[in-house]
$ cat model.cif   # mmCIF, C-alpha atoms
data_run
#
loop_
_atom_site.label_atom_id
_atom_site.label_comp_id
_atom_site.auth_asym_id
_atom_site.auth_seq_id
_atom_site.Cartn_x
_atom_site.Cartn_y
_atom_site.Cartn_z
CA MET K 1 0.00 0.00 0.00
CA PHE K 2 2.71 2.48 0.91
CA SER K 3 4.50 2.39 -2.42
CA PHE K 4 6.31 5.65 -1.72
CA ARG K 5 8.66 3.96 0.76
CA ALA K 6 12.11 4.56 -0.70
CA GLU K 7 13.85 1.55 -2.15
CA GLY K 8 17.58 1.34 -2.69
CA GLY K 9 18.16 4.54 -0.72
CA GLU K 10 16.57 6.88 -3.23
CA PHE K 11 13.76 9.18 -2.22
CA ILE K 12 10.60 8.75 -4.28
CA PRO K 13 8.52 11.90 -3.87
CA PRO K 14 4.79 11.41 -3.32
CA SER K 15 2.71 11.88 -6.45
CA SER K 16 -0.88 11.76 -7.57
CA LYS K 17 -0.62 7.94 -7.61
CA ASP K 18 -0.63 7.94 -3.82
CA PHE K 19 -4.22 9.13 -3.82
CA VAL K 20 -5.46 6.00 -5.59
CA LEU K 21 -6.14 3.69 -2.67
CA PRO K 22 -6.81 -0.02 -3.20
CA PRO K 23 -10.24 -1.52 -2.32
CA ILE K 24 -10.48 -2.77 1.25
CA PHE K 25 -12.73 -5.79 0.55
CA GLY K 26 -11.67 -7.90 -2.42
CA ASP K 27 -11.82 -6.24 -5.83
CA ASN K 28 -14.98 -4.21 -5.29
CA GLU K 29 -14.13 -0.65 -6.29
CA PHE K 30 -16.90 0.73 -4.08
CA THR K 31 -15.16 -0.27 -0.88
CA THR K 32 -12.22 2.13 -0.95
CA LYS K 33 -11.26 4.31 1.99
CA PRO K 34 -12.90 7.56 0.75
CA ILE K 35 -16.30 5.82 0.41
CA PHE K 36 -16.09 4.61 3.99
CA LEU K 37 -15.02 8.08 5.09
CA VAL K 38 -18.13 9.60 3.52
CA ILE K 39 -20.37 7.07 5.31
CA PHE K 40 -18.44 7.60 8.54
CA SER K 41 -18.79 11.38 8.28
CA VAL K 42 -22.56 11.10 7.80
CA ILE K 43 -22.76 8.93 10.92
CA ILE K 44 -20.69 11.31 13.09
CA ILE K 45 -22.56 14.39 11.88
CA SER K 46 -25.93 12.74 12.56
CA ILE K 47 -24.94 11.59 16.03
CA PHE K 48 -23.46 14.99 16.92
CA PHE K 49 -26.42 17.07 15.84
CA ILE K 50 -29.06 14.67 17.18
CA ALA K 51 -27.28 14.70 20.53
CA ALA K 52 -26.92 18.49 20.39
CA SER K 53 -30.59 19.12 19.62
CA ARG K 54 -32.07 16.61 22.04
CA LYS K 55 -33.25 18.05 25.33
CA ALA K 56 -32.90 21.57 23.98
CA SER K 57 -33.39 24.10 26.73
CA ILE K 58 -33.34 27.86 27.11
CA VAL K 59 -30.12 27.67 29.07
CA PRO K 60 -28.12 25.50 26.63
CA SER K 61 -25.77 22.74 27.60
CA LYS K 62 -22.24 22.85 26.18
CA LEU K 63 -23.15 20.41 23.41
CA GLN K 64 -26.29 22.31 22.47
CA PHE K 65 -24.30 25.53 22.41
CA ALA K 66 -21.69 24.00 20.07
CA GLY K 67 -24.33 22.69 17.69
CA GLU K 68 -26.33 25.89 17.71
CA SER K 69 -23.37 28.17 17.12
CA VAL K 70 -22.45 26.27 13.94
CA TYR K 71 -26.05 26.49 12.79
CA ALA K 72 -26.36 30.16 13.66
CA TYR K 73 -23.15 30.96 11.83
CA VAL K 74 -24.35 29.33 8.61
CA ARG K 75 -27.84 30.79 8.91
CA ASN K 76 -26.83 34.37 9.65
CA ASP K 77 -23.48 34.89 7.95
CA LEU K 78 -24.00 32.70 4.90
CA GLY K 79 -27.77 32.60 4.56
CA LYS K 80 -29.30 35.86 5.72
CA ASP K 81 -26.50 38.22 4.71
CA ILE K 82 -26.05 36.85 1.22
CA ILE K 83 -29.29 35.33 -0.08
CA GLY K 84 -31.65 37.96 1.32
CA HIS K 85 -35.17 37.72 2.68
CA GLU K 86 -36.02 34.26 1.23
CA PHE K 87 -33.00 32.66 2.87
CA MET K 88 -34.77 30.27 5.25
CA ARG K 89 -35.68 27.87 2.43
CA PHE K 90 -32.02 27.29 1.65
CA VAL K 91 -30.55 27.10 5.13
CA PRO K 92 -30.97 23.28 5.37
CA TYR K 93 -29.03 22.79 2.16
CA LEU K 94 -26.31 25.29 3.05
CA PHE K 95 -25.95 23.88 6.54
CA THR K 96 -25.69 20.28 5.31
CA LEU K 97 -23.15 21.32 2.71
CA PHE K 98 -21.01 23.24 5.20
CA VAL K 99 -20.94 20.56 7.86
CA PHE K 100 -20.43 17.72 5.38
CA ILE K 101 -17.50 19.41 3.62
CA LEU K 102 -15.97 20.58 6.89
CA THR K 103 -16.05 17.09 8.43
CA ASN K 104 -14.68 15.42 5.32
CA ASN K 105 -11.90 17.98 5.00
CA ILE K 106 -10.86 17.71 8.62
CA PHE K 107 -10.43 13.95 8.13
CA GLY K 108 -7.24 15.03 6.37
CA ILE K 109 -5.52 15.91 9.64
CA VAL K 110 -7.24 13.56 12.10
CA PRO K 111 -4.62 11.03 13.22
CA LEU K 112 -5.19 7.46 11.95
CA ILE K 113 -7.62 8.66 9.27
CA GLN K 114 -5.49 11.31 7.55
CA PHE K 115 -7.13 11.34 4.18
CA PRO K 116 -9.30 14.23 3.03
CA THR K 117 -12.20 12.67 1.14
CA MET K 118 -12.43 15.60 -1.25
CA SER K 119 -8.93 14.97 -2.57
CA ARG K 120 -10.64 12.42 -4.81
CA ILE K 121 -12.18 14.61 -7.47
CA SER K 122 -15.36 12.58 -7.99
CA PHE K 123 -16.70 13.57 -4.56
CA ALA K 124 -16.09 17.24 -5.27
CA TYR K 125 -17.76 16.92 -8.68
CA VAL K 126 -20.91 15.45 -7.12
CA LEU K 127 -21.18 18.40 -4.72
CA GLY K 128 -20.58 20.82 -7.58
CA ILE K 129 -23.28 19.20 -9.70
CA ILE K 130 -25.80 19.33 -6.85
CA THR K 131 -25.13 23.04 -6.35
CA PHE K 132 -25.38 23.58 -10.11
CA GLY K 133 -28.77 21.86 -10.17
CA VAL K 134 -30.03 23.73 -7.13
CA PHE K 135 -29.28 27.26 -8.28
CA HIS K 136 -30.62 26.74 -11.80
CA TYR K 137 -33.77 25.09 -10.43
CA VAL K 138 -34.30 27.96 -8.01
CA GLY K 139 -33.79 30.52 -10.75
CA ILE K 140 -36.19 28.77 -13.13
CA ARG K 141 -38.83 28.41 -10.44
CA HIS K 142 -38.49 32.05 -9.44
CA HIS K 143 -38.45 33.72 -12.87
CA GLY K 144 -40.02 31.15 -15.18
CA ILE K 145 -37.82 29.31 -17.65
CA PHE K 146 -37.98 31.79 -20.54
CA LYS K 147 -37.26 34.89 -18.51
CA TYR K 148 -34.45 33.11 -16.64
CA ILE K 149 -32.74 32.02 -19.85
CA LYS K 150 -33.32 35.41 -21.45
CA ASP K 151 -31.74 37.16 -18.48
CA ILE K 152 -28.69 34.93 -18.74
CA LEU K 153 -28.33 35.28 -22.50
CA PHE K 154 -29.11 38.99 -22.73
CA MET K 155 -28.17 40.72 -19.50
CA PRO K 156 -30.53 43.71 -19.15
CA GLY K 157 -29.16 47.24 -19.21
CA VAL K 158 -26.25 46.62 -21.58
CA PRO K 159 -25.78 48.32 -24.98
CA LYS K 160 -26.65 45.94 -27.83
CA PRO K 161 -23.24 45.51 -29.55
CA VAL K 162 -21.72 44.29 -26.27
CA TYR K 163 -23.92 41.16 -26.47
CA ILE K 164 -21.58 39.73 -29.12
CA LEU K 165 -18.93 39.44 -26.42
CA LEU K 166 -21.09 39.08 -23.36
CA THR K 167 -23.49 36.31 -24.39
CA PRO K 168 -20.83 33.60 -24.98
CA ILE K 169 -19.10 34.56 -21.74
CA GLU K 170 -22.37 34.37 -19.81
CA ILE K 171 -23.26 30.98 -21.30
CA ALA K 172 -19.83 29.59 -20.43
CA THR K 173 -20.04 31.06 -16.94
CA TYR K 174 -23.40 29.57 -16.10
CA LEU K 175 -22.98 26.16 -17.72
CA ILE K 176 -19.30 25.30 -17.43
CA VAL K 177 -17.21 27.67 -15.33
CA ARG K 178 -19.36 27.80 -12.20
CA PRO K 179 -19.83 24.06 -11.52
CA LEU K 180 -16.30 23.29 -12.67
CA THR K 181 -14.48 25.92 -10.61
CA ILE K 182 -16.50 25.34 -7.45
CA SER K 183 -15.60 21.64 -7.39
CA LEU K 184 -12.05 22.00 -8.72
CA ARG K 185 -11.26 24.59 -6.05
CA LEU K 186 -12.27 22.27 -3.25
CA PHE K 187 -10.52 19.28 -4.83
CA ALA K 188 -7.29 21.09 -5.64
CA ASN K 189 -6.98 22.59 -2.17
CA MET K 190 -7.39 19.25 -0.46
CA PHE K 191 -5.13 17.51 -2.97
CA ALA K 192 -2.36 20.08 -2.63
CA GLY K 193 -2.60 20.13 1.15
CA HIS K 194 -2.38 16.37 1.48
CA LEU K 195 0.55 16.27 -0.95
CA LEU K 196 2.36 18.95 1.06
CA LEU K 197 1.90 17.00 4.29
CA MET K 198 3.15 13.81 2.65
CA ILE K 199 6.24 15.55 1.32
CA PHE K 200 7.30 16.89 4.71
CA ILE K 201 6.55 13.76 6.72
CA LEU K 202 7.98 11.27 4.22
CA GLY K 203 10.95 13.52 3.55
CA GLY K 204 11.64 13.68 7.28
CA GLU K 205 11.41 9.91 7.49
CA HIS K 206 13.79 9.51 4.57
CA LEU K 207 16.31 11.90 6.11
CA LEU K 208 16.23 9.76 9.24
CA GLN K 209 17.60 6.84 7.25
CA GLY K 210 20.51 8.86 5.83
CA ALA K 211 23.92 9.83 7.18
CA ILE K 212 24.34 11.35 10.65
CA GLY K 213 24.23 14.92 9.33
CA LEU K 214 20.94 14.22 7.61
CA LYS K 215 19.52 12.61 10.76
CA LEU K 216 20.12 15.88 12.61
CA VAL K 217 18.11 17.81 9.99
CA SER K 218 15.18 15.42 10.01
CA PRO K 219 13.44 16.82 13.16
CA PHE K 220 13.10 20.15 11.37
CA ALA K 221 11.25 18.46 8.54
CA PHE K 222 8.87 16.82 11.03
CA ALA K 223 8.39 20.09 12.92
CA PHE K 224 7.54 21.82 9.69
CA GLY K 225 5.14 19.00 8.88
CA ILE K 226 3.33 19.71 12.16
CA ALA K 227 3.21 23.43 11.39
CA ILE K 228 1.78 22.64 7.96
CA THR K 229 -0.85 20.47 9.66
CA PHE K 230 -2.15 23.51 11.55
CA PHE K 231 -2.07 25.56 8.37
CA GLU K 232 -4.07 22.78 6.69
CA PHE K 233 -6.71 23.02 9.39
CA LEU K 234 -7.14 26.68 8.48
CA VAL K 235 -7.37 25.89 4.77
CA GLN K 236 -9.87 23.09 5.36
CA CYS K 237 -12.22 25.34 7.32
CA LEU K 238 -11.78 28.09 4.75
CA GLN K 239 -12.64 25.80 1.85
CA ALA K 240 -15.82 24.57 3.53
CA TYR K 241 -16.72 28.24 4.10
CA ILE K 242 -15.93 29.24 0.52
CA PHE K 243 -17.89 26.38 -1.05
CA THR K 244 -20.95 27.29 1.00
CA LEU K 245 -20.43 31.01 0.37
CA LEU K 246 -20.29 30.50 -3.39
CA THR K 247 -23.38 28.28 -3.31
CA ALA K 248 -25.23 30.99 -1.38
CA LEU K 249 -24.03 33.64 -3.83
CA TYR K 250 -25.18 31.63 -6.84
CA ILE K 251 -28.57 31.00 -5.27
CA GLY K 252 -28.84 34.67 -4.36
CA GLY K 253 -27.90 35.61 -7.92
CA ALA K 254 -30.54 33.29 -9.37
CA LEU K 255 -33.16 34.81 -7.05
CA ALA K 256 -32.22 38.43 -7.73
CA ASP K 257 -34.78 40.33 -9.76
CA GLU K 258 -32.23 41.87 -12.08
CA HIS K 259 -28.89 40.35 -12.92
CA MET U 1 18.85 15.05 -11.42
CA THR U 2 15.54 14.16 -13.01
CA GLY U 3 12.16 15.82 -12.90
CA THR U 4 9.65 17.51 -15.06
CA LEU U 5 9.67 21.04 -16.45
CA ASN U 6 5.96 21.22 -15.67
CA LEU U 7 6.82 22.12 -12.11
CA VAL U 8 9.06 25.01 -13.17
CA GLY U 9 6.24 26.25 -15.37
CA TYR U 10 3.83 25.91 -12.48
CA GLY U 11 6.16 27.90 -10.25
CA LEU U 12 6.19 30.72 -12.78
CA ALA U 13 2.42 30.51 -13.21
CA ALA U 14 1.87 30.80 -9.47
CA ILE U 15 3.48 34.26 -9.35
CA GLY U 16 0.37 35.94 -10.72
CA PRO U 17 -2.18 34.47 -8.29
CA GLY U 18 0.32 34.99 -5.46
CA LEU U 19 0.50 38.72 -6.19
CA ALA U 20 -3.27 38.81 -6.64
CA VAL U 21 -3.99 37.25 -3.25
CA GLY U 22 -1.59 39.67 -1.61
CA MET U 23 -3.27 42.66 -3.24
CA ILE U 24 -6.75 41.46 -2.28
CA PHE U 25 -5.87 41.13 1.38
CA ALA U 26 -3.94 44.41 1.34
CA ALA U 27 -7.08 46.13 0.10
CA TYR U 28 -9.19 44.33 2.71
CA ILE U 29 -6.87 45.34 5.55
CA ASN U 30 -6.81 48.90 4.27
CA GLY U 31 -10.57 49.01 4.16
CA VAL U 32 -11.00 47.61 7.67
CA ALA U 33 -8.30 49.92 9.04
CA ARG U 34 -10.05 52.96 7.63
CA GLN U 35 -13.52 51.88 8.67
CA PRO U 36 -13.56 49.07 11.23
CA GLU U 37 -17.36 48.72 11.20
CA ALA U 38 -17.24 47.76 7.51
CA ARG U 39 -15.52 44.50 8.42
CA SER U 40 -18.55 42.23 8.16
CA VAL U 41 -19.43 43.68 4.75
CA LEU U 42 -15.90 43.39 3.39
CA GLN U 43 -15.12 39.91 4.70
CA PRO U 44 -17.21 37.80 2.26
CA ILE U 45 -16.04 39.98 -0.63
CA ALA U 46 -12.39 39.59 0.34
CA PHE U 47 -12.66 35.83 0.72
CA LEU U 48 -14.57 35.54 -2.54
CA GLY U 49 -11.87 37.44 -4.38
CA PHE U 50 -9.23 35.37 -2.63
CA ALA U 51 -10.96 32.16 -3.73
CA MET U 52 -11.22 33.37 -7.32
CA ALA U 53 -7.53 34.31 -7.52
CA GLU U 54 -6.40 31.20 -5.70
CA ALA U 55 -8.39 29.00 -8.06
CA LEU U 56 -6.06 30.01 -10.90
CA ALA U 57 -3.03 28.80 -8.99
CA LEU U 58 -4.77 25.55 -8.13
CA PHE U 59 -5.82 24.89 -11.73
CA GLY U 60 -2.16 25.29 -12.59
CA LEU U 61 -1.27 22.76 -9.93
CA VAL U 62 -3.78 20.26 -11.29
CA LEU U 63 -2.53 20.78 -14.84
CA ALA U 64 1.08 20.39 -13.73
CA PHE U 65 0.17 16.89 -12.59
CA VAL U 66 -2.13 16.01 -15.45
CA LEU U 67 -0.04 17.10 -18.44
#
$ encode --input "model.cif" --output "structure tokens"
Amino acid sequence: MFSFRAEGGEFIPPSSKDFVLPPIFGDNEFTTKPIFLVIFSVIIISIFFIAASRKASIVPSKLQFAGESVYAYVRNDLGKDIIGHEFMRFVPYLFTLFVFILTNNIFGIVPLIQFPTMSRISFAYVLGIITFGVFHYVGIRHHGIFKYIKDILFMPGVPKPVYILLTPIEIATYLIVRPLTISLRLFANMFAGHLLLMIFILGGEHLLQGAIGLKLVSPFAFAFGIAITFFEFLVQCLQAYIFTLLTALYIGGALADEH
Amino acid sequence: MTGTLNLVGYGLAAIGPGLAVGMIFAAYINGVARQPEARSVLQPIAFLGFAMAEALALFGLVLAFVL
């Protein structure tokens, strides 16, 4: 499994091949580690929020306070401030998205798990496609299909000759760029972060096997690996925030009366 | 010494987004320093701009591995 272990004394840097994990049970491709991580994350999230919302009281317990502050953050800062007065309909989706992405990202630095699910691009694509479907559906329901498409193709309040340039850009933005960038951003951040961690930790381990001078340098590589772990925690929270923020912005844009 | 020139190209390509992220946060800090109560308004805008600029660097990273 750990093919990056150096053989013959030469350091083999980690590459994108190290993200392709073998199936755990037999040859079934649906039993790889990321799939189990997704199921595991759903279980932990459910248990946490069911426990936090049971026996809710006016003076909250610590658990209830923790659960409610996450919810309030998503509802007020991402829902109310960005979508506007119809935000309550979308809070369940935004909240699920935020918590799901956050948990799966943080798996990247939890000891013994240490694999961010979203560093496999298919998971990020699925989230991107769901968001894509949601904001177009909302826009079509709100404006009616013809007005929605007309507003995208011919943005109101623009001089006519500009449409030659603007219409292709708008089509590409709404159909390709938005779902692609939202999922690629999440994927690439998790991928790059995990790669960075592997380089420092495996490099430190490789230095440990070298000459005495190299052995003395190796603790610095490990220390830097730990520092990068904290930095990764920041990036993981930020990416969950940004994915939810962009989803809210797209929904808000689809609901807006003029583009 | 072996390797791929892709990574050199990626290093060069990352200069632009690096400068961009710096400028975005410089503007954000400036704005908050001048008017601290505008912080909550500026924060989503700053992070949105940061995400947009950073995405370019990350696409480069992905392409450096793919190509």
$ closest_residue --input "model.cif" --among "U:Ala46, U:Ala55, U:Leu5, U:Val66" --to "U:Gly22" --atoms "only C-alpha atoms"
U:Ala46
$ atom_distance --input "model.cif" --atom1 "atom CA of K:Phe191" --atom2 "atom CA of K:His206"
21.9 Å
$ closest_atom_pairs --input "model.cif" --of "chain U" --to "chain K" --cutoff "9 Å" --atoms "all atoms listed in the file" --output "CSV"
residue,atom,partner,partner_atom,distance
U:Ser40,CA,K:Asp77,CA,8.8
U:Val41,CA,K:Asp81,CA,8.9
U:Pro44,CA,K:Leu245,CA,7.7
U:Phe47,CA,K:Ile242,CA,7.4
U:Leu48,CA,K:Ile242,CA,7.1
U:Ala51,CA,K:Ile242,CA,7.2
U:Met52,CA,K:Thr181,CA,8.8
U:Glu54,CA,K:Arg185,CA,8.2
U:Ala55,CA,K:Arg185,CA,5.6
U:Leu56,CA,K:Arg185,CA,8.9
U:Leu58,CA,K:Ala188,CA,5.7
U:Phe59,CA,K:Ala188,CA,7.3
U:Leu61,CA,K:Ala188,CA,7.6
U:Val62,CA,K:Ala188,CA,6.7
U:Phe65,CA,K:Ser16,CA,7.3
$ atom_distance --input "model.cif" --atom1 "atom CA of K:Pro111" --atom2 "atom CA of K:Glu205"
17.1 Å
$ resolve_selection --input "model.cif" --expression "the PyMOL selection byres ((chain U and resi 18) around 10)" --output "number ranges by chain"
U: 13-17, 19-23, 50, 53-54, 56-57
$ residues_around --input "model.cif" --residues "stretch 251-255 of chain K" --least-positions-apart "2" --cutoff "8 Å" --atoms "all atoms listed in the file" --output "ChimeraX atom specification"
/K:82-84,134-136,138-139,142-143,247-249,257,259
$ atom_distance --input "model.cif" --atom1 "atom CA of K:Leu202" --atom2 "atom CA of K:Ile109"
15.3 Å
$ residues_near_point --input "model.cif" --point "(-24.9, 21.7, 6.7)" --cutoff "12 Å" --atoms "all atoms listed in the file" --output "count of residues only"
32
$ residues_around --input "model.cif" --residues "K:Pro219" --least-positions-apart "3" --cutoff "10 Å" --atoms "all atoms listed in the file" --output "list in words"
Ile201, Gly204, Glu205, Leu207, Leu208, Leu214, Lys215, Leu216, Phe222, Ala223, Phe224 and Gly225 of chain K
$ resolve_selection --input "model.cif" --expression "the PyMOL selection byres ((chain K and resi 116) around 6)" --output "list of chain:residue names"
K:Asn104, K:Asn105, K:Phe107, K:Gly108, K:Phe115, K:Thr117, K:Met118, K:Ser119
$ residues_around --input "model.cif" --residues "U:Leu42" --least-positions-apart "6" --cutoff "9 Å" --atoms "all atoms listed in the file" --output "list in words"
Tyr28, Gly31 and Val32 of chain U
$ build_atoms --input "model.cif" --residues "stretch 37-66 of chain U" --atoms "N, CA and C atoms" --output "PDB file, keeping the file's coordinate frame"
ATOM      1  N   GLU U  37     -16.007  49.304  11.170  1.00  0.00           N
ATOM      2  CA  GLU U  37     -17.360  48.720  11.200  1.00  0.00           C
ATOM      3  C   GLU U  37     -17.747  48.113   9.861  1.00  0.00           C
ATOM      4  N   ALA U  38     -16.946  48.346   8.817  1.00  0.00           N
ATOM      5  CA  ALA U  38     -17.240  47.760   7.510  1.00  0.00           C
ATOM      6  C   ALA U  38     -16.734  46.325   7.401  1.00  0.00           C
ATOM      7  N   ARG U  39     -16.153  45.791   8.481  1.00  0.00           N
ATOM      8  CA  ARG U  39     -15.520  44.500   8.420  1.00  0.00           C
ATOM      9  C   ARG U  39     -16.440  43.394   7.932  1.00  0.00           C
ATOM     10  N   SER U  40     -17.664  43.347   8.498  1.00  0.00           N
ATOM     11  CA  SER U  40     -18.550  42.230   8.160  1.00  0.00           C
ATOM     12  C   SER U  40     -19.015  42.314   6.711  1.00  0.00           C
ATOM     13  N   VAL U  41     -19.044  43.531   6.157  1.00  0.00           N
ATOM     14  CA  VAL U  41     -19.430  43.680   4.750  1.00  0.00           C
ATOM     15  C   VAL U  41     -18.275  43.253   3.850  1.00  0.00           C
ATOM     16  N   LEU U  42     -17.055  43.632   4.250  1.00  0.00           N
ATOM     17  CA  LEU U  42     -15.900  43.390   3.390  1.00  0.00           C
ATOM     18  C   LEU U  42     -15.452  41.931   3.423  1.00  0.00           C
ATOM     19  N   GLN U  43     -15.704  41.246   4.547  1.00  0.00           N
ATOM     20  CA  GLN U  43     -15.120  39.910   4.700  1.00  0.00           C
ATOM     21  C   GLN U  43     -15.532  38.921   3.615  1.00  0.00           C
ATOM     22  N   PRO U  44     -16.861  38.747   3.339  1.00  0.00           N
ATOM     23  CA  PRO U  44     -17.210  37.800   2.260  1.00  0.00           C
ATOM     24  C   PRO U  44     -16.625  38.214   0.918  1.00  0.00           C
ATOM     25  N   ILE U  45     -16.572  39.526   0.655  1.00  0.00           N
ATOM     26  CA  ILE U  45     -16.040  39.980  -0.630  1.00  0.00           C
ATOM     27  C   ILE U  45     -14.566  39.637  -0.735  1.00  0.00           C
ATOM     28  N   ALA U  46     -13.830  39.872   0.364  1.00  0.00           N
ATOM     29  CA  ALA U  46     -12.390  39.590   0.340  1.00  0.00           C
ATOM     30  C   ALA U  46     -12.141  38.107   0.133  1.00  0.00           C
ATOM     31  N   PHE U  47     -12.908  37.262   0.853  1.00  0.00           N
ATOM     32  CA  PHE U  47     -12.660  35.830   0.720  1.00  0.00           C
ATOM     33  C   PHE U  47     -13.105  35.317  -0.643  1.00  0.00           C
ATOM     34  N   LEU U  48     -14.131  35.930  -1.192  1.00  0.00           N
ATOM     35  CA  LEU U  48     -14.570  35.540  -2.540  1.00  0.00           C
ATOM     36  C   LEU U  48     -13.484  35.853  -3.554  1.00  0.00           C
ATOM     37  N   GLY U  49     -12.942  37.063  -3.461  1.00  0.00           N
ATOM     38  CA  GLY U  49     -11.870  37.440  -4.380  1.00  0.00           C
ATOM     39  C   GLY U  49     -10.653  36.557  -4.192  1.00  0.00           C
ATOM     40  N   PHE U  50     -10.356  36.260  -2.933  1.00  0.00           N
ATOM     41  CA  PHE U  50      -9.230  35.370  -2.630  1.00  0.00           C
ATOM     42  C   PHE U  50      -9.442  34.000  -3.277  1.00  0.00           C
ATOM     43  N   ALA U  51     -10.680  33.480  -3.168  1.00  0.00           N
ATOM     44  CA  ALA U  51     -10.960  32.160  -3.730  1.00  0.00           C
ATOM     45  C   ALA U  51     -10.838  32.178  -5.250  1.00  0.00           C
ATOM     46  N   MET U  52     -11.302  33.269  -5.861  1.00  0.00           N
ATOM     47  CA  MET U  52     -11.220  33.370  -7.320  1.00  0.00           C
ATOM     48  C   MET U  52      -9.771  33.391  -7.775  1.00  0.00           C
ATOM     49  N   ALA U  53      -8.933  34.203  -7.099  1.00  0.00           N
ATOM     50  CA  ALA U  53      -7.530  34.310  -7.520  1.00  0.00           C
ATOM     51  C   ALA U  53      -6.788  33.018  -7.236  1.00  0.00           C
ATOM     52  N   GLU U  54      -7.104  32.411  -6.080  1.00  0.00           N
ATOM     53  CA  GLU U  54      -6.400  31.200  -5.700  1.00  0.00           C
ATOM     54  C   GLU U  54      -6.744  30.057  -6.649  1.00  0.00           C
ATOM     55  N   ALA U  55      -7.971  30.070  -7.168  1.00  0.00           N
ATOM     56  CA  ALA U  55      -8.390  29.000  -8.060  1.00  0.00           C
ATOM     57  C   ALA U  55      -7.457  28.893  -9.262  1.00  0.00           C
ATOM     58  N   LEU U  56      -6.968  30.041  -9.744  1.00  0.00           N
ATOM     59  CA  LEU U  56      -6.060  30.010 -10.900  1.00  0.00           C
ATOM     60  C   LEU U  56      -4.796  29.230 -10.571  1.00  0.00           C
ATOM     61  N   ALA U  57      -4.242  29.512  -9.386  1.00  0.00           N
ATOM     62  CA  ALA U  57      -3.030  28.800  -8.990  1.00  0.00           C
ATOM     63  C   ALA U  57      -3.297  27.308  -8.874  1.00  0.00           C
ATOM     64  N   LEU U  58      -4.484  26.968  -8.355  1.00  0.00           N
ATOM     65  CA  LEU U  58      -4.770  25.550  -8.130  1.00  0.00           C
ATOM     66  C   LEU U  58      -5.047  24.829  -9.445  1.00  0.00           C
ATOM     67  N   PHE U  59      -5.660  25.529 -10.412  1.00  0.00           N
ATOM     68  CA  PHE U  59      -5.820  24.890 -11.730  1.00  0.00           C
ATOM     69  C   PHE U  59      -4.454  24.590 -12.310  1.00  0.00           C
ATOM     70  N   GLY U  60      -3.527  25.522 -12.121  1.00  0.00           N
ATOM     71  CA  GLY U  60      -2.160  25.290 -12.590  1.00  0.00           C
ATOM     72  C   GLY U  60      -1.558  24.070 -11.940  1.00  0.00           C
ATOM     73  N   LEU U  61      -1.805  23.922 -10.643  1.00  0.00           N
ATOM     74  CA  LEU U  61      -1.270  22.760  -9.930  1.00  0.00           C
ATOM     75  C   LEU U  61      -1.828  21.471 -10.504  1.00  0.00           C
ATOM     76  N   VAL U  62      -3.153  21.463 -10.733  1.00  0.00           N
ATOM     77  CA  VAL U  62      -3.780  20.260 -11.290  1.00  0.00           C
ATOM     78  C   VAL U  62      -3.195  19.958 -12.663  1.00  0.00           C
ATOM     79  N   LEU U  63      -3.057  21.010 -13.494  1.00  0.00           N
ATOM     80  CA  LEU U  63      -2.530  20.780 -14.840  1.00  0.00           C
ATOM     81  C   LEU U  63      -1.085  20.320 -14.807  1.00  0.00           C
ATOM     82  N   ALA U  64      -0.314  20.815 -13.829  1.00  0.00           N
ATOM     83  CA  ALA U  64       1.080  20.390 -13.730  1.00  0.00           C
ATOM     84  C   ALA U  64       1.168  18.891 -13.495  1.00  0.00           C
ATOM     85  N   PHE U  65       0.169  18.329 -12.807  1.00  0.00           N
ATOM     86  CA  PHE U  65       0.170  16.890 -12.590  1.00  0.00           C
ATOM     87  C   PHE U  65      -0.426  16.138 -13.763  1.00  0.00           C
ATOM     88  N   VAL U  66      -1.416  16.725 -14.402  1.00  0.00           N
ATOM     89  CA  VAL U  66      -2.130  16.010 -15.450  1.00  0.00           C
ATOM     90  C   VAL U  66      -1.311  15.929 -16.729  1.00  0.00           C
TER      91      VAL U  66
END
